[in-house]
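The next block holds one structure in the form of structure tokens; read it before the comments.
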Amino acid sequence: MKRFVAAAAILAAGSMIFAGGKKESGKAAAGGAADVSGKVVIYTSMYQDIIDNIEVEIKKAFPKLDVEFFQGGTGTIQSKIAAEKDSGKFGCDILMVAEPAYALELKDLGVLHPYKTPEAANLTFAYDADGYWYPVRVCTMVLAYNPEKYTTKDIPTTFKEFATDPRLTGYCSMSNPLSSGTAMASIVGLLDAYGPEYFKDLGKQKVAIESGSVALTKLETGECKEIMILEESVLKKREEEGSKLACIYPADGVLSMPSAIMTVNEKWSANNNIAACEAITDWFLSREGQKCIVNGWMHSVIKDADLIPYDSLPNDALFSKTIDIDWEKCYKQRDSIRTLFEENVTIKKK
């Protein structure tokens with residue numbers, strides 16, 4: 001049985017939990033950050049421009065530490081880890097992937113290091129009770145549209161209708177669950193919510209499977225009326241480009257994905273710098289680290305209510321209604337669900 005600090009049903013739902021107790025200072029906050037040294041390699045699915053900003057802040061926090069990032073989609077990272085496993089050593093020390101399902105898999109494989117961070121007392125999302133992984137950022141799948149071309153009366157406002165409303169046929173888009181961890185988690189939640197017919201309906205809807213950047217461009221030109229996309233992609237475009245594209249927070253609930261941070265154990269770690277990995281974990285889960293997350297248009301995992309991404313909603317409002325995601329199913333039935341999706345939805349080969 002998996003041990004989480006939350007009931008299994010809460011984790012499966014991606015719902016918020018609230019930890020009690022007094023928050024202590026972690027390694028980074030305790031004044032020891034300046035002494036953290038060596039090298040740490042982090043594999044992450046965060047976008048490169050967000051990584052660039054985080055690198056600046058990590059260097060300020062750990063001036064003697066060499067932190068190197070490898071960026072790739074969750075599917076790319078999974079393939080990279082699978083290949084490295086055959087060599088008996090990973091190329092990284094920390095993984096930060098899109099959702100907790102992969103963390104469950106890696107824990108079962110025995111490649112993770114348990115660490116009880118004192119920052120856990122301030123978390124509002126479920127985490128592994130043994131300390132093998134913690135939520136570090138919340139990615140949120142929503143719908144988006146272009147209010148300069150359509151109104152919400154012209155398009156559906158639920159995930160269910162996204163797949164069934166004939167007004168969208170040939171004019172909708174979503175990311176590829178074969179390569180995107182958040183897209184994969186989303187189709188697991190939607191499969192449980194609406195059954196296998198949902199995938200069939202997406203196929204009939206002629207939904208385009210493509211990158212978020214392509215989908216956003218199609219919204220701007222009118223080639224798409226509506227897309228299923230991460231909220232952060234829309235918020236980034238609104239803040240940086242003054243875009244009028246807008247999010248629809250579906251009436252049947254958003255799909256929230258608390259992305260995991262985890263440390264590779266000494267046997268598999270690239271640099272065997274466990275103390276530095278623990279310090280980095282503390283920093284990411286601290287207010288300073290979470291500011292970087294929120295500045296990257298993702299939602300914070302800690303209790304500080306004033307940490308809200310640009311133009312978004314507070315966590316308690318945004319996550320007041322969610323579609324449940326079964327993380328065990330997302331992990332153990334990943335291949336069969338991907339196959340079911342491929343059998344019903346056309347994915348154009350590059």
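Just remember, in the structure tokens the first chain shown is A, the second B, etc., residues are 1-based per chain, and ligands are 1-based in the order shown.
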
Exercise: range 266-283 of chain A partners within 9 Å, only C-alpha atoms, chain neighbours under 5 positions left out, as a PyMOL selection string: chain A and resi 25-29+32-33+36-41+58+61-62+65+85+88-94+111-113+115-120+134+136+261+288-290

Could you pull out all residues of range 45-224 of chain A with a DSSP call of alpha helix (DSSP H) and give them as number ranges by chain? A: 48-61, 74-85, 101-109, 159-164, 181-194, 197-204, 212-221

With the cut-off set at 10 Å and counting only C-alpha atoms, tabulate each residue of range 42-154 of chain A with an atom at most that distance from an atom of range 320-329 of chain A, showing the nearest atom pair and its distance in Å to one decimal, ordered by chain and increasing number, as a Markdown table.
| residue | atom | partner | partner_atom | distance |
| --- | --- | --- | --- | --- |
| A:Glu99 | CA | A:Trp327 | CA | 8.3 |
| A:Pro100 | CA | A:Trp327 | CA | 6.6 |
| A:Ala101 | CA | A:Trp327 | CA | 5.0 |
| A:Tyr102 | CA | A:Trp327 | CA | 8.7 |
| A:Ala103 | CA | A:Trp327 | CA | 9.6 |
| A:Leu104 | CA | A:Glu328 | CA | 7.5 |
| A:Glu105 | CA | A:Glu328 | CA | 8.9 |
| A:Thr140 | CA | A:Thr322 | CA | 9.8 |

Just the selected residues (C-alpha atoms), exported as a PDB file, in the first residue's frame, please.
ATOM      1  CA  GLU A  99       2.992  14.784 -12.191  1.00  0.00           C
ATOM      2  CA  PRO A 100       3.381  12.244  -9.338  1.00  0.00           C
ATOM      3  CA  ALA A 101       2.727   9.053 -11.321  1.00  0.00           C
ATOM      4  CA  TYR A 102       6.339   8.753 -12.433  1.00  0.00           C
ATOM      5  CA  ALA A 103       7.468   9.345  -8.848  1.00  0.00           C
ATOM      6  CA  LEU A 104       5.404   6.331  -7.773  1.00  0.00           C
ATOM      7  CA  GLU A 105       7.113   4.236 -10.446  1.00  0.00           C
ATOM      8  CA  THR A 140      -3.448  23.147 -14.308  1.00  0.00           C
TER       9      THR A 140
END

Contact table range 112-216 of chain A vs range 245-260 of chain A, cut-off 9 Å, shortest pair per residue, only C-alpha atoms, as a tab-separated table:
residue	atom	partner	partner_atom	distance
A:Phe125	CA	A:Pro258	CA	7.2
A:Ala126	CA	A:Pro258	CA	8.4
A:Tyr127	CA	A:Ala260	CA	8.6
A:Trp133	CA	A:Ala260	CA	6.1
A:Tyr134	CA	A:Ala260	CA	5.4
A:Pro135	CA	A:Ala260	CA	4.5
A:Val136	CA	A:Ala260	CA	5.7
A:Arg137	CA	A:Ser259	CA	5.4
A:Val138	CA	A:Pro258	CA	4.3
A:Cys139	CA	A:Met257	CA	5.1
A:Thr140	CA	A:Ser256	CA	4.6
A:Met141	CA	A:Leu255	CA	5.0
A:Val142	CA	A:Tyr249	CA	5.7
A:Leu143	CA	A:Ile248	CA	5.0
A:Ala144	CA	A:Cys247	CA	4.4
A:Tyr145	CA	A:Ala246	CA	5.7
A:Asn146	CA	A:Leu245	CA	4.7
A:Pro147	CA	A:Leu245	CA	6.5
A:Glu148	CA	A:Leu245	CA	8.1
A:Thr152	CA	A:Ile248	CA	8.5
A:Pro156	CA	A:Pro250	CA	8.8
A:Thr157	CA	A:Pro250	CA	5.3
A:Thr158	CA	A:Pro250	CA	4.5
A:Phe159	CA	A:Pro250	CA	6.3
A:Lys160	CA	A:Asp252	CA	7.7
A:Thr182	CA	A:Met257	CA	7.0
A:Ala185	CA	A:Met257	CA	7.6
A:Ser186	CA	A:Leu255	CA	6.3
A:Gly189	CA	A:Leu255	CA	7.4
A:Leu190	CA	A:Leu255	CA	8.8
A:Leu216	CA	A:Leu245	CA	8.2

Enumerate as an MDAnalysis selection string all residues of range 54-174 of chain A assigned to strand (DSSP E or B) by DSSP on the backbone, naming them with the chain letters and numbers the document uses. chainID A and resid 65:71 94:97 112:113 123 125 128 134:145 172:174

Could you dump the residues just selected with C-alpha atoms as a PDB file, in the first residue's frame?
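Output saved as again.pdb:
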ATOM      1  CA  LEU A  65      26.989  24.886  -6.026  1.00  0.00           C
ATOM      2  CA  ASP A  66      27.088  23.990  -9.717  1.00  0.00           C
ATOM      3  CA  VAL A  67      23.501  23.218 -10.762  1.00  0.00           C
ATOM      4  CA  GLU A  68      22.918  21.916 -14.272  1.00  0.00           C
ATOM      5  CA  PHE A  69      19.468  21.467 -15.808  1.00  0.00           C
ATOM      6  CA  PHE A  70      18.345  19.133 -18.577  1.00  0.00           C
ATOM      7  CA  GLN A  71      14.987  20.141 -20.022  1.00  0.00           C
ATOM      8  CA  ILE A  94      17.110  15.297  -8.952  1.00  0.00           C
ATOM      9  CA  LEU A  95      14.011  14.824 -11.093  1.00  0.00           C
ATOM     10  CA  MET A  96      11.198  17.363 -11.404  1.00  0.00           C
ATOM     11  CA  VAL A  97       8.533  15.902 -13.691  1.00  0.00           C
ATOM     12  CA  LEU A 112      14.901   7.334  -4.912  1.00  0.00           C
ATOM     13  CA  HIS A 113      16.347   8.784  -1.724  1.00  0.00           C
ATOM     14  CA  LEU A 123       2.531  22.106   2.019  1.00  0.00           C
ATOM     15  CA  PHE A 125      -0.848  19.124  -1.462  1.00  0.00           C
ATOM     16  CA  ASP A 128       4.957  10.749   0.066  1.00  0.00           C
ATOM     17  CA  TYR A 134       7.092  16.133  -2.723  1.00  0.00           C
ATOM     18  CA  PRO A 135       4.880  18.399  -4.842  1.00  0.00           C
ATOM     19  CA  VAL A 136       6.851  21.409  -6.048  1.00  0.00           C
ATOM     20  CA  ARG A 137       4.521  23.173  -8.499  1.00  0.00           C
ATOM     21  CA  VAL A 138       0.939  22.767  -9.678  1.00  0.00           C
ATOM     22  CA  CYS A 139       0.194  22.593 -13.382  1.00  0.00           C
ATOM     23  CA  THR A 140      -3.448  23.147 -14.308  1.00  0.00           C
ATOM     24  CA  MET A 141      -5.165  21.964 -17.469  1.00  0.00           C
ATOM     25  CA  VAL A 142      -7.910  24.314 -18.643  1.00  0.00           C
ATOM     26  CA  LEU A 143      -9.640  25.357 -21.853  1.00  0.00           C
ATOM     27  CA  ALA A 144      -8.707  28.521 -23.721  1.00  0.00           C
ATOM     28  CA  TYR A 145     -10.241  30.701 -26.427  1.00  0.00           C
ATOM     29  CA  CYS A 172     -10.001  22.218 -31.468  1.00  0.00           C
ATOM     30  CA  SER A 173      -6.580  21.144 -30.241  1.00  0.00           C
ATOM     31  CA  MET A 174      -4.744  19.501 -27.335  1.00  0.00           C
TER      32      MET A 174
END

Could you check which of A:Val188, A:Ala163, A:Ile51, A:Ile42 is closest to Arg338 in chain A, using only C-alpha atoms?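 Result for the nearest residue to Arg338 in chain A: A:Val188.
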